[in-house]
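The structure appears right after this line, and notes come after that.
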Amino acid sequence: LDEQGRPRVVRNCNASGALVHVDLTDWRGRLRARLLYDHYTGDAAEVVLVTSSGEELHYTPETFEPPPGAGGSNGGAVSAHLERTGQSCARLAQDASPKRQQAAHRSVEALCSAVLLPRLEELMRREVEEGRQLVPASEDLLEMDMEQIVQLLDS
């Protein structure tokens with residue numbers, strides 16, 4: 001129970017008794033997490049975490065999908081992530097809802113943090129070890145199109 005005597009775990013069901021969402025609160029009664037359930041399958045569809053400042057962080061099963069190529073070959077991981085990010089941004093352009101904006105934001109973050117930055121760090125490390133330039137100069141990168149950059153990072 002929280003400090004007001006209310007339960008810290010509240011299950012909300014629809015009229016037919018199916019679970020809609022579960023709210024988890026802290027000891028003061030402030031919402032900290034919400035698990036939203038798919039009304040067709042009954043599976044957890046989304047987790048919303050609420051920071052102490054009130055910011056909501058949304059996570060869906062797609063958030064935790066391994067990057068393409070993570071299970072075996074790395075070839076094409078950058079282009080696959082880029083494709084998924086492009087699709088997410090295209091959906092955002094069709095309907096600029098907060099949920100789609102957040103999904104596009106997560107997709108871009110995943111592309112950068114899980115794929116692009118580690119690849120660039122690896123290339124920079126190899127440059128130092130091998131004593132040769134593997135990453136083109138910034139002027140050359142600015143003249144390259146996205147397909148050329150993806151090819152560079154995928155190789």
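How things are named: the first chain in the structure tokens is A, the next is B, and so on; residues count from 1 in each chain; ligands count from 1 in the order shown.
Within 7 Å of Asp23 in chain A, once only C-alpha atoms are used and residues closer than 5 positions along the same chain are dropped, the contacting residues are Val9, Val10, Arg11, Leu31, Ala33, Arg34 and Leu35 of chain A.
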Output file for the residues above (N, CA and C atoms, as a PDB file, in the first residue's frame):
ATOM      1  N   VAL A   9      -0.421  -1.734  -6.799  1.00  0.00           N
ATOM      2  CA  VAL A   9      -0.638  -2.436  -8.061  1.00  0.00           C
ATOM      3  C   VAL A   9      -2.138  -2.427  -8.329  1.00  0.00           C
ATOM      4  N   VAL A  10      -2.532  -1.831  -9.452  1.00  0.00           N
ATOM      5  CA  VAL A  10      -3.948  -1.750  -9.792  1.00  0.00           C
ATOM      6  C   VAL A  10      -4.141  -2.377 -11.168  1.00  0.00           C
ATOM      7  N   ARG A  11      -5.002  -3.394 -11.227  1.00  0.00           N
ATOM      8  CA  ARG A  11      -5.324  -4.056 -12.493  1.00  0.00           C
ATOM      9  C   ARG A  11      -6.635  -3.493 -13.010  1.00  0.00           C
ATOM     10  N   LEU A  31       2.226   7.318 -10.196  1.00  0.00           N
ATOM     11  CA  LEU A  31       2.360   6.301 -11.240  1.00  0.00           C
ATOM     12  C   LEU A  31       3.818   6.217 -11.677  1.00  0.00           C
ATOM     13  N   ALA A  33       4.848   3.018 -13.511  1.00  0.00           N
ATOM     14  CA  ALA A  33       4.869   2.131 -14.675  1.00  0.00           C
ATOM     15  C   ALA A  33       3.446   1.707 -15.005  1.00  0.00           C
ATOM     16  N   ARG A  34       3.201   1.517 -16.285  1.00  0.00           N
ATOM     17  CA  ARG A  34       1.906   1.006 -16.756  1.00  0.00           C
ATOM     18  C   ARG A  34       2.196  -0.052 -17.811  1.00  0.00           C
ATOM     19  N   LEU A  35       1.579  -1.208 -17.654  1.00  0.00           N
ATOM     20  CA  LEU A  35       1.677  -2.269 -18.649  1.00  0.00           C
ATOM     21  C   LEU A  35       0.364  -2.286 -19.403  1.00  0.00           C
TER      22      LEU A  35
END
**OP:** Step one, run DSSP on the backbone; step two, keep only residues of chain A assigned to strand (DSSP E or B); then write them as number ranges by chain.
**Re:** A: 9-13, 19-25, 31-37, 44-50, 56-59
Kindly export the residues of the current selection with N, CA and C atoms, as an mmCIF file, in the first residue's frame.
data_model
loop_
_atom_site.group_PDB
_atom_site.id
_atom_site.type_symbol
_atom_site.label_atom_id
_atom_site.label_comp_id
_atom_site.auth_asym_id
_atom_site.auth_seq_id
_atom_site.Cartn_x
_atom_site.Cartn_y
_atom_site.Cartn_z
ATOM 1 N N VAL A 9 -0.421 -1.734 -6.799
ATOM 2 C CA VAL A 9 -0.638 -2.436 -8.061
ATOM 3 C C VAL A 9 -2.138 -2.427 -8.329
ATOM 4 N N VAL A 10 -2.532 -1.831 -9.452
ATOM 5 C CA VAL A 10 -3.948 -1.750 -9.792
ATOM 6 C C VAL A 10 -4.141 -2.377 -11.168
ATOM 7 N N ARG A 11 -5.002 -3.394 -11.227
ATOM 8 C CA ARG A 11 -5.324 -4.056 -12.493
ATOM 9 C C ARG A 11 -6.635 -3.493 -13.010
ATOM 10 N N ASN A 12 -6.642 -3.026 -14.254
ATOM 11 C CA ASN A 12 -7.841 -2.470 -14.874
ATOM 12 C C ASN A 12 -8.304 -3.399 -15.983
ATOM 13 N N CYS A 13 -9.559 -3.814 -15.893
ATOM 14 C CA CYS A 13 -10.126 -4.743 -16.866
ATOM 15 C C CYS A 13 -11.284 -4.089 -17.608
ATOM 16 N N LEU A 19 -7.908 -8.069 -19.206
ATOM 17 C CA LEU A 19 -6.972 -7.091 -18.663
ATOM 18 C C LEU A 19 -6.673 -6.014 -19.697
ATOM 19 N N VAL A 20 -6.844 -4.750 -19.332
ATOM 20 C CA VAL A 20 -6.553 -3.619 -20.217
ATOM 21 C C VAL A 20 -5.174 -3.065 -19.897
ATOM 22 N N HIS A 21 -4.938 -2.764 -18.615
ATOM 23 C CA HIS A 21 -3.612 -2.320 -18.198
ATOM 24 C C HIS A 21 -3.439 -2.535 -16.705
ATOM 25 N N VAL A 22 -2.171 -2.549 -16.288
ATOM 26 C CA VAL A 22 -1.811 -2.663 -14.882
ATOM 27 C C VAL A 22 -0.976 -1.443 -14.549
ATOM 28 N N ASP A 23 -1.358 -0.729 -13.491
ATOM 29 C CA ASP A 23 -0.616 0.439 -13.040
ATOM 30 C C ASP A 23 0.214 0.077 -11.820
ATOM 31 N N LEU A 24 1.452 0.530 -11.803
ATOM 32 C CA LEU A 24 2.342 0.327 -10.655
ATOM 33 C C LEU A 24 2.724 1.706 -10.130
ATOM 34 N N THR A 25 2.514 1.933 -8.841
ATOM 35 C CA THR A 25 2.820 3.236 -8.256
ATOM 36 C C THR A 25 3.932 3.098 -7.231
ATOM 37 N N LEU A 31 2.226 7.318 -10.196
ATOM 38 C CA LEU A 31 2.360 6.301 -11.240
ATOM 39 C C LEU A 31 3.818 6.217 -11.677
ATOM 40 N N ARG A 32 4.362 5.005 -11.686
ATOM 41 C CA ARG A 32 5.741 4.784 -12.122
ATOM 42 C C ARG A 32 5.823 3.899 -13.356
ATOM 43 N N ALA A 33 4.848 3.018 -13.511
ATOM 44 C CA ALA A 33 4.869 2.131 -14.675
ATOM 45 C C ALA A 33 3.446 1.707 -15.005
ATOM 46 N N ARG A 34 3.201 1.517 -16.285
ATOM 47 C CA ARG A 34 1.906 1.006 -16.756
ATOM 48 C C ARG A 34 2.196 -0.052 -17.811
ATOM 49 N N LEU A 35 1.579 -1.208 -17.654
ATOM 50 C CA LEU A 35 1.677 -2.269 -18.649
ATOM 51 C C LEU A 35 0.364 -2.286 -19.403
ATOM 52 N N LEU A 36 0.413 -2.046 -20.697
ATOM 53 C CA LEU A 36 -0.778 -2.043 -21.540
ATOM 54 C C LEU A 36 -0.858 -3.383 -22.266
ATOM 55 N N TYR A 37 -2.054 -3.932 -22.320
ATOM 56 C CA TYR A 37 -2.250 -5.246 -22.924
ATOM 57 C C TYR A 37 -3.019 -5.147 -24.227
ATOM 58 N N ALA A 44 1.097 -8.532 -23.204
ATOM 59 C CA ALA A 44 1.582 -7.177 -22.932
ATOM 60 C C ALA A 44 2.016 -6.559 -24.260
ATOM 61 N N ALA A 45 1.490 -5.387 -24.566
ATOM 62 C CA ALA A 45 1.782 -4.737 -25.842
ATOM 63 C C ALA A 45 2.708 -3.549 -25.681
ATOM 64 N N GLU A 46 2.703 -2.950 -24.506
ATOM 65 C CA GLU A 46 3.523 -1.767 -24.298
ATOM 66 C C GLU A 46 3.783 -1.595 -22.806
ATOM 67 N N VAL A 47 4.977 -1.087 -22.490
ATOM 68 C CA VAL A 47 5.330 -0.743 -21.117
ATOM 69 C C VAL A 47 5.631 0.742 -21.113
ATOM 70 N N VAL A 48 5.005 1.459 -20.200
ATOM 71 C CA VAL A 48 5.249 2.892 -20.061
ATOM 72 C C VAL A 48 5.885 3.106 -18.699
ATOM 73 N N LEU A 49 7.101 3.643 -18.682
ATOM 74 C CA LEU A 49 7.774 3.983 -17.431
ATOM 75 C C LEU A 49 7.684 5.488 -17.253
ATOM 76 N N VAL A 50 7.432 5.929 -16.049
ATOM 77 C CA VAL A 50 7.298 7.352 -15.763
ATOM 78 C C VAL A 50 8.447 7.758 -14.843
ATOM 79 N N GLU A 56 7.361 10.331 -19.732
ATOM 80 C CA GLU A 56 6.945 8.959 -20.022
ATOM 81 C C GLU A 56 7.874 8.341 -21.056
ATOM 82 N N LEU A 57 8.343 7.136 -20.781
ATOM 83 C CA LEU A 57 9.189 6.382 -21.696
ATOM 84 C C LEU A 57 8.395 5.158 -22.123
ATOM 85 N N HIS A 58 8.151 5.038 -23.418
ATOM 86 C CA HIS A 58 7.320 3.950 -23.954
ATOM 87 C C HIS A 58 8.206 2.869 -24.573
ATOM 88 N N TYR A 59 7.886 1.627 -24.272
ATOM 89 C CA TYR A 59 8.604 0.490 -24.824
ATOM 90 C C TYR A 59 7.598 -0.521 -25.357
#
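For range 107-114 of chain A, the residues within 7 Å (counting only C-alpha atoms, excluding itself and residues fewer than 2 positions away along the chain) are His81, Leu82, Thr85, Ser88, Ala103, Ala104, His105, Leu116, Leu117 and Pro118 of chain A.
Nearest to Trp27 in chain A of all the residues A:Gly42, A:Gly86, A:Pro98, A:Gly5 is A:Gly5, counting only C-alpha atoms.
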Original post:
Could you write out, as number ranges by chain, all the residues of chain A that DSSP marks as alpha helix (DSSP H)?
Top reply: A: 77-94, 98-110, 117-130, 138-143, 146-154
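Coordinates place CA of Gln102 in chain A at a distance of 21.7 Å from CA of His39 in chain A.
When only C-alpha atoms are used to compute distances to Arg84 in chain A, the closest of the residues A:Met144, A:Gln4, A:Arg106, A:Lys99 turns out to be A:Arg106.
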Original post:
How many Å lie between CA of Arg125 in chain A and CA of Asp140 in chain A, rounded to one decimal?
Top reply: 19.8 Å
**OP:** State, in Å with one decimal place, the distance from CA of Pro136 in chain A to CA of Met124 in chain A.
**Re:** 10.8 Å
